[in-house]
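Chemist: This is the structure, below, for whatever I ask next.
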Amino acid sequence: MKSAEPHQRVLLFDGVCNLCNSVIQFVIRNDKEEKLRFASLQSPFGINALNTHGLSADDLSTFIYIRKDKVHLRSTGFLYLCRDLGGAFRLFEVAWIIPRFVRDYVYDLVARSRYSMFGKRAECYVPSESMRHRFLEELPAS
């Protein structure tokens with residue numbers, strides 16, 4: 001699969017961040033229906049998605065979840081991801097009652113220290129051959 005269609009759900013992640021890569025692997029294990037697709041922010045697809053949605057390609061600290069062609073950032077993106085994973089993950093939806101500025105403040109604390117706490121890879125995560133179909137690396141087809 002080379003491009004994301006509007007109905008798809010795409011999670012953009014920092015490909016060199018160990019925490020981000022662990023989250024992606026966790027989501028893959030728990031997305032039994034394979035509804036989600038993934039792209040590193042550093043990939044041509046990720047850069048194009050950032051530009052398309054008016055986001056800075058210089059800021060790799062933001063959790064970006066594209067759902068039904070709408071961009072959700074930081075804690076809001078996380079909550080929509082939990083909704084789409086379903087099952088017990090829907091319990092996180094109770095966090096919607098917390099004001100976004102509070103949720104995003106906590107998110108930003110973790111994002112700022114993620115490299116020092118969890119480390120950083122020398123290069124972007126490369127999915128296994130069996131998972132490659134879930135990753136969008138190239139520019140979307142026009």
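Note on naming: chains are A, B, ... as they come in the structure tokens, residues start from 1 per chain, ligands start from 1 in the order shown.
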Using only C-alpha atoms, which protein or nucleic acid residues come within 12 Å of Ile97 of chain A? Drop anything in the same chain fewer than 5 positions from it, and give the result as a list of chain:residue names.

Modeler: A:Thr76, A:Leu79, A:Phe92, A:Val102, A:Arg103

Chemist: Find the residues near segment 37-40 of chain A: any atom within 6 Å, counting only C-alpha atoms, skip ones fewer than 5 places away on the same chain, and give them as a list in words.

Modeler: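 Skipping anything fewer than 5 positions along the chain leaves Val10, Leu11, Leu12, Phe13, Asp14, Gly15, Gly46, Arg134, Phe135 and Leu136 of chain A.
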
Chemist: Which distance in Å separates atom CA of Ala88 of chain A and atom CA of Glu129 of chain A, to one decimal?

Modeler: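 Atom-to-atom, atom CA of Ala88 of chain A and atom CA of Glu129 of chain A are spaced 28.9 Å apart.
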
Chemist: DSSP on the backbone, alpha helix (DSSP H) only: what residues of chain A does that give? Format it as a PyMOL selection string.

Modeler: chain A and resi 18-30+44-52+74-85+100-118

Chemist: Write out as a PDB file with all heavy atoms, in the first residue's frame each polymer residue whose atoms come within 12 Å of Ser22 of chain A, counting only C-alpha atoms; drop sequence neighbours fewer than 6 positions from it.

Modeler:
```pdb
ATOM      1  N   PHE A  13       4.895   8.975  13.377  1.00  0.00           N
ATOM      2  CA  PHE A  13       5.744   8.852  14.562  1.00  0.00           C
ATOM      3  C   PHE A  13       7.176   9.242  14.237  1.00  0.00           C
ATOM      4  O   PHE A  13       7.597   9.212  13.087  1.00  0.00           O
ATOM      5  CB  PHE A  13       5.692   7.414  15.104  1.00  0.00           C
ATOM      6  CG  PHE A  13       6.300   6.396  14.170  1.00  0.00           C
ATOM      7  CD1 PHE A  13       7.581   5.918  14.387  1.00  0.00           C
ATOM      8  CD2 PHE A  13       5.592   5.925  13.073  1.00  0.00           C
ATOM      9  CE1 PHE A  13       8.142   4.980  13.528  1.00  0.00           C
ATOM     10  CE2 PHE A  13       6.142   4.992  12.209  1.00  0.00           C
ATOM     11  CZ  PHE A  13       7.429   4.520  12.440  1.00  0.00           C
ATOM     12  N   ASP A  14       7.909   9.606  15.271  1.00  0.00           N
ATOM     13  CA  ASP A  14       9.325   9.927  15.149  1.00  0.00           C
ATOM     14  C   ASP A  14      10.082   8.606  14.996  1.00  0.00           C
ATOM     15  O   ASP A  14      10.172   7.828  15.940  1.00  0.00           O
ATOM     16  CB  ASP A  14       9.783  10.705  16.390  1.00  0.00           C
ATOM     17  CG  ASP A  14      11.251  11.072  16.359  1.00  0.00           C
ATOM     18  OD1 ASP A  14      11.983  10.670  15.429  1.00  0.00           O
ATOM     19  OD2 ASP A  14      11.686  11.772  17.294  1.00  0.00           O
ATOM     20  N   GLY A  15      10.605   8.375  13.822  1.00  0.00           N
ATOM     21  CA  GLY A  15      11.228   7.086  13.505  1.00  0.00           C
ATOM     22  C   GLY A  15      12.501   6.770  14.256  1.00  0.00           C
ATOM     23  O   GLY A  15      12.929   5.621  14.282  1.00  0.00           O
ATOM     24  N   VAL A  16      13.141   7.759  14.881  1.00  0.00           N
ATOM     25  CA  VAL A  16      14.376   7.499  15.617  1.00  0.00           C
ATOM     26  C   VAL A  16      14.156   7.434  17.129  1.00  0.00           C
ATOM     27  O   VAL A  16      15.069   7.140  17.885  1.00  0.00           O
ATOM     28  CB  VAL A  16      15.486   8.532  15.280  1.00  0.00           C
ATOM     29  CG1 VAL A  16      15.849   8.451  13.806  1.00  0.00           C
ATOM     30  CG2 VAL A  16      15.098   9.930  15.673  1.00  0.00           C
ATOM     31  N   ILE A  28       0.644  -2.144  16.852  1.00  0.00           N
ATOM     32  CA  ILE A  28       0.579  -3.222  15.852  1.00  0.00           C
ATOM     33  C   ILE A  28       0.065  -4.511  16.501  1.00  0.00           C
ATOM     34  O   ILE A  28      -0.807  -5.187  15.957  1.00  0.00           O
ATOM     35  CB  ILE A  28       1.951  -3.439  15.180  1.00  0.00           C
ATOM     36  CG1 ILE A  28       2.251  -2.286  14.224  1.00  0.00           C
ATOM     37  CG2 ILE A  28       1.997  -4.781  14.439  1.00  0.00           C
ATOM     38  CD1 ILE A  28       3.676  -2.287  13.673  1.00  0.00           C
ATOM     39  N   ARG A  29       0.601  -4.841  17.664  1.00  0.00           N
ATOM     40  CA  ARG A  29       0.174  -6.073  18.357  1.00  0.00           C
ATOM     41  C   ARG A  29      -1.299  -6.030  18.754  1.00  0.00           C
ATOM     42  O   ARG A  29      -1.959  -7.058  18.845  1.00  0.00           O
ATOM     43  CB  ARG A  29       1.023  -6.304  19.603  1.00  0.00           C
ATOM     44  CG  ARG A  29       2.390  -6.862  19.349  1.00  0.00           C
ATOM     45  CD  ARG A  29       3.071  -7.344  20.626  1.00  0.00           C
ATOM     46  NE  ARG A  29       3.104  -6.358  21.693  1.00  0.00           N
ATOM     47  CZ  ARG A  29       4.036  -5.421  21.850  1.00  0.00           C
ATOM     48  NH1 ARG A  29       5.018  -5.328  20.979  1.00  0.00           N
ATOM     49  NH2 ARG A  29       3.989  -4.581  22.862  1.00  0.00           N
ATOM     50  N   ARG A 114      11.714  12.488  26.070  1.00  0.00           N
ATOM     51  CA  ARG A 114      11.653  11.109  25.574  1.00  0.00           C
ATOM     52  C   ARG A 114      13.009  10.574  25.135  1.00  0.00           C
ATOM     53  O   ARG A 114      13.301   9.394  25.334  1.00  0.00           O
ATOM     54  CB  ARG A 114      10.616  10.982  24.462  1.00  0.00           C
ATOM     55  CG  ARG A 114      10.996  11.623  23.151  1.00  0.00           C
ATOM     56  CD  ARG A 114       9.794  11.637  22.198  1.00  0.00           C
ATOM     57  NE  ARG A 114      10.164  11.996  20.857  1.00  0.00           N
ATOM     58  CZ  ARG A 114      10.425  13.226  20.433  1.00  0.00           C
ATOM     59  NH1 ARG A 114      10.349  14.220  21.297  1.00  0.00           N
ATOM     60  NH2 ARG A 114      10.748  13.452  19.192  1.00  0.00           N
ATOM     61  N   PHE A 118      14.279   7.436  27.137  1.00  0.00           N
ATOM     62  CA  PHE A 118      14.124   6.169  26.421  1.00  0.00           C
ATOM     63  C   PHE A 118      15.183   5.939  25.343  1.00  0.00           C
ATOM     64  O   PHE A 118      15.262   4.858  24.782  1.00  0.00           O
ATOM     65  CB  PHE A 118      12.728   6.101  25.783  1.00  0.00           C
ATOM     66  CG  PHE A 118      11.628   6.178  26.799  1.00  0.00           C
ATOM     67  CD1 PHE A 118      10.989   7.386  27.057  1.00  0.00           C
ATOM     68  CD2 PHE A 118      11.242   5.064  27.521  1.00  0.00           C
ATOM     69  CE1 PHE A 118       9.978   7.474  28.007  1.00  0.00           C
ATOM     70  CE2 PHE A 118      10.232   5.132  28.462  1.00  0.00           C
ATOM     71  CZ  PHE A 118       9.604   6.345  28.714  1.00  0.00           C
ATOM     72  N   GLY A 119      15.938   6.964  25.000  1.00  0.00           N
ATOM     73  CA  GLY A 119      16.987   6.816  24.006  1.00  0.00           C
ATOM     74  C   GLY A 119      16.518   7.132  22.601  1.00  0.00           C
ATOM     75  O   GLY A 119      15.345   7.401  22.342  1.00  0.00           O
ATOM     76  N   LYS A 120      17.501   7.085  21.718  1.00  0.00           N
ATOM     77  CA  LYS A 120      17.277   7.463  20.328  1.00  0.00           C
ATOM     78  C   LYS A 120      18.068   6.512  19.437  1.00  0.00           C
ATOM     79  O   LYS A 120      19.189   6.126  19.763  1.00  0.00           O
ATOM     80  CB  LYS A 120      17.770   8.914  20.166  1.00  0.00           C
ATOM     81  CG  LYS A 120      17.542   9.533  18.850  1.00  0.00           C
ATOM     82  CD  LYS A 120      18.006  10.990  18.904  1.00  0.00           C
ATOM     83  CE  LYS A 120      17.832  11.651  17.569  1.00  0.00           C
ATOM     84  NZ  LYS A 120      18.212  13.073  17.597  1.00  0.00           N
ATOM     85  N   ARG A 121      17.499   6.135  18.325  1.00  0.00           N
ATOM     86  CA  ARG A 121      18.167   5.266  17.356  1.00  0.00           C
ATOM     87  C   ARG A 121      19.018   6.103  16.407  1.00  0.00           C
ATOM     88  O   ARG A 121      18.746   7.273  16.195  1.00  0.00           O
ATOM     89  CB  ARG A 121      17.138   4.520  16.501  1.00  0.00           C
ATOM     90  CG  ARG A 121      16.232   3.614  17.274  1.00  0.00           C
ATOM     91  CD  ARG A 121      15.087   3.131  16.372  1.00  0.00           C
ATOM     92  NE  ARG A 121      14.226   2.247  17.097  1.00  0.00           N
ATOM     93  CZ  ARG A 121      14.174   0.935  16.895  1.00  0.00           C
ATOM     94  NH1 ARG A 121      14.894   0.384  15.965  1.00  0.00           N
ATOM     95  NH2 ARG A 121      13.385   0.187  17.610  1.00  0.00           N
ATOM     96  N   TYR A 125      13.242   3.438  12.318  1.00  0.00           N
ATOM     97  CA  TYR A 125      12.742   2.075  12.479  1.00  0.00           C
ATOM     98  C   TYR A 125      12.415   1.479  11.119  1.00  0.00           C
ATOM     99  O   TYR A 125      11.811   2.124  10.270  1.00  0.00           O
ATOM    100  CB  TYR A 125      11.478   2.127  13.348  1.00  0.00           C
ATOM    101  CG  TYR A 125      10.712   0.838  13.426  1.00  0.00           C
ATOM    102  CD1 TYR A 125      11.180  -0.209  14.195  1.00  0.00           C
ATOM    103  CD2 TYR A 125       9.516   0.672  12.738  1.00  0.00           C
ATOM    104  CE1 TYR A 125      10.477  -1.395  14.286  1.00  0.00           C
ATOM    105  CE2 TYR A 125       8.803  -0.511  12.824  1.00  0.00           C
ATOM    106  CZ  TYR A 125       9.289  -1.540  13.598  1.00  0.00           C
ATOM    107  OH  TYR A 125       8.593  -2.709  13.676  1.00  0.00           O
TER     108      TYR A 125
END
```

Chemist: Which of these residues is nearest to Leu36 of chain A, using only C-alpha atoms: A:Leu73, A:Cys17, A:Tyr65, A:Asn48?

Modeler: A:Tyr65

Chemist: Using only C-alpha atoms, which of the listed residues (A:Leu81, A:Leu109, A:Leu41, A:Ile47) sits closest to Ile66 of chain A?

Modeler: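 Ranking A:Leu81, A:Leu109, A:Leu41, A:Ile47 by distance to Ile66 of chain A, first place goes to A:Leu81.
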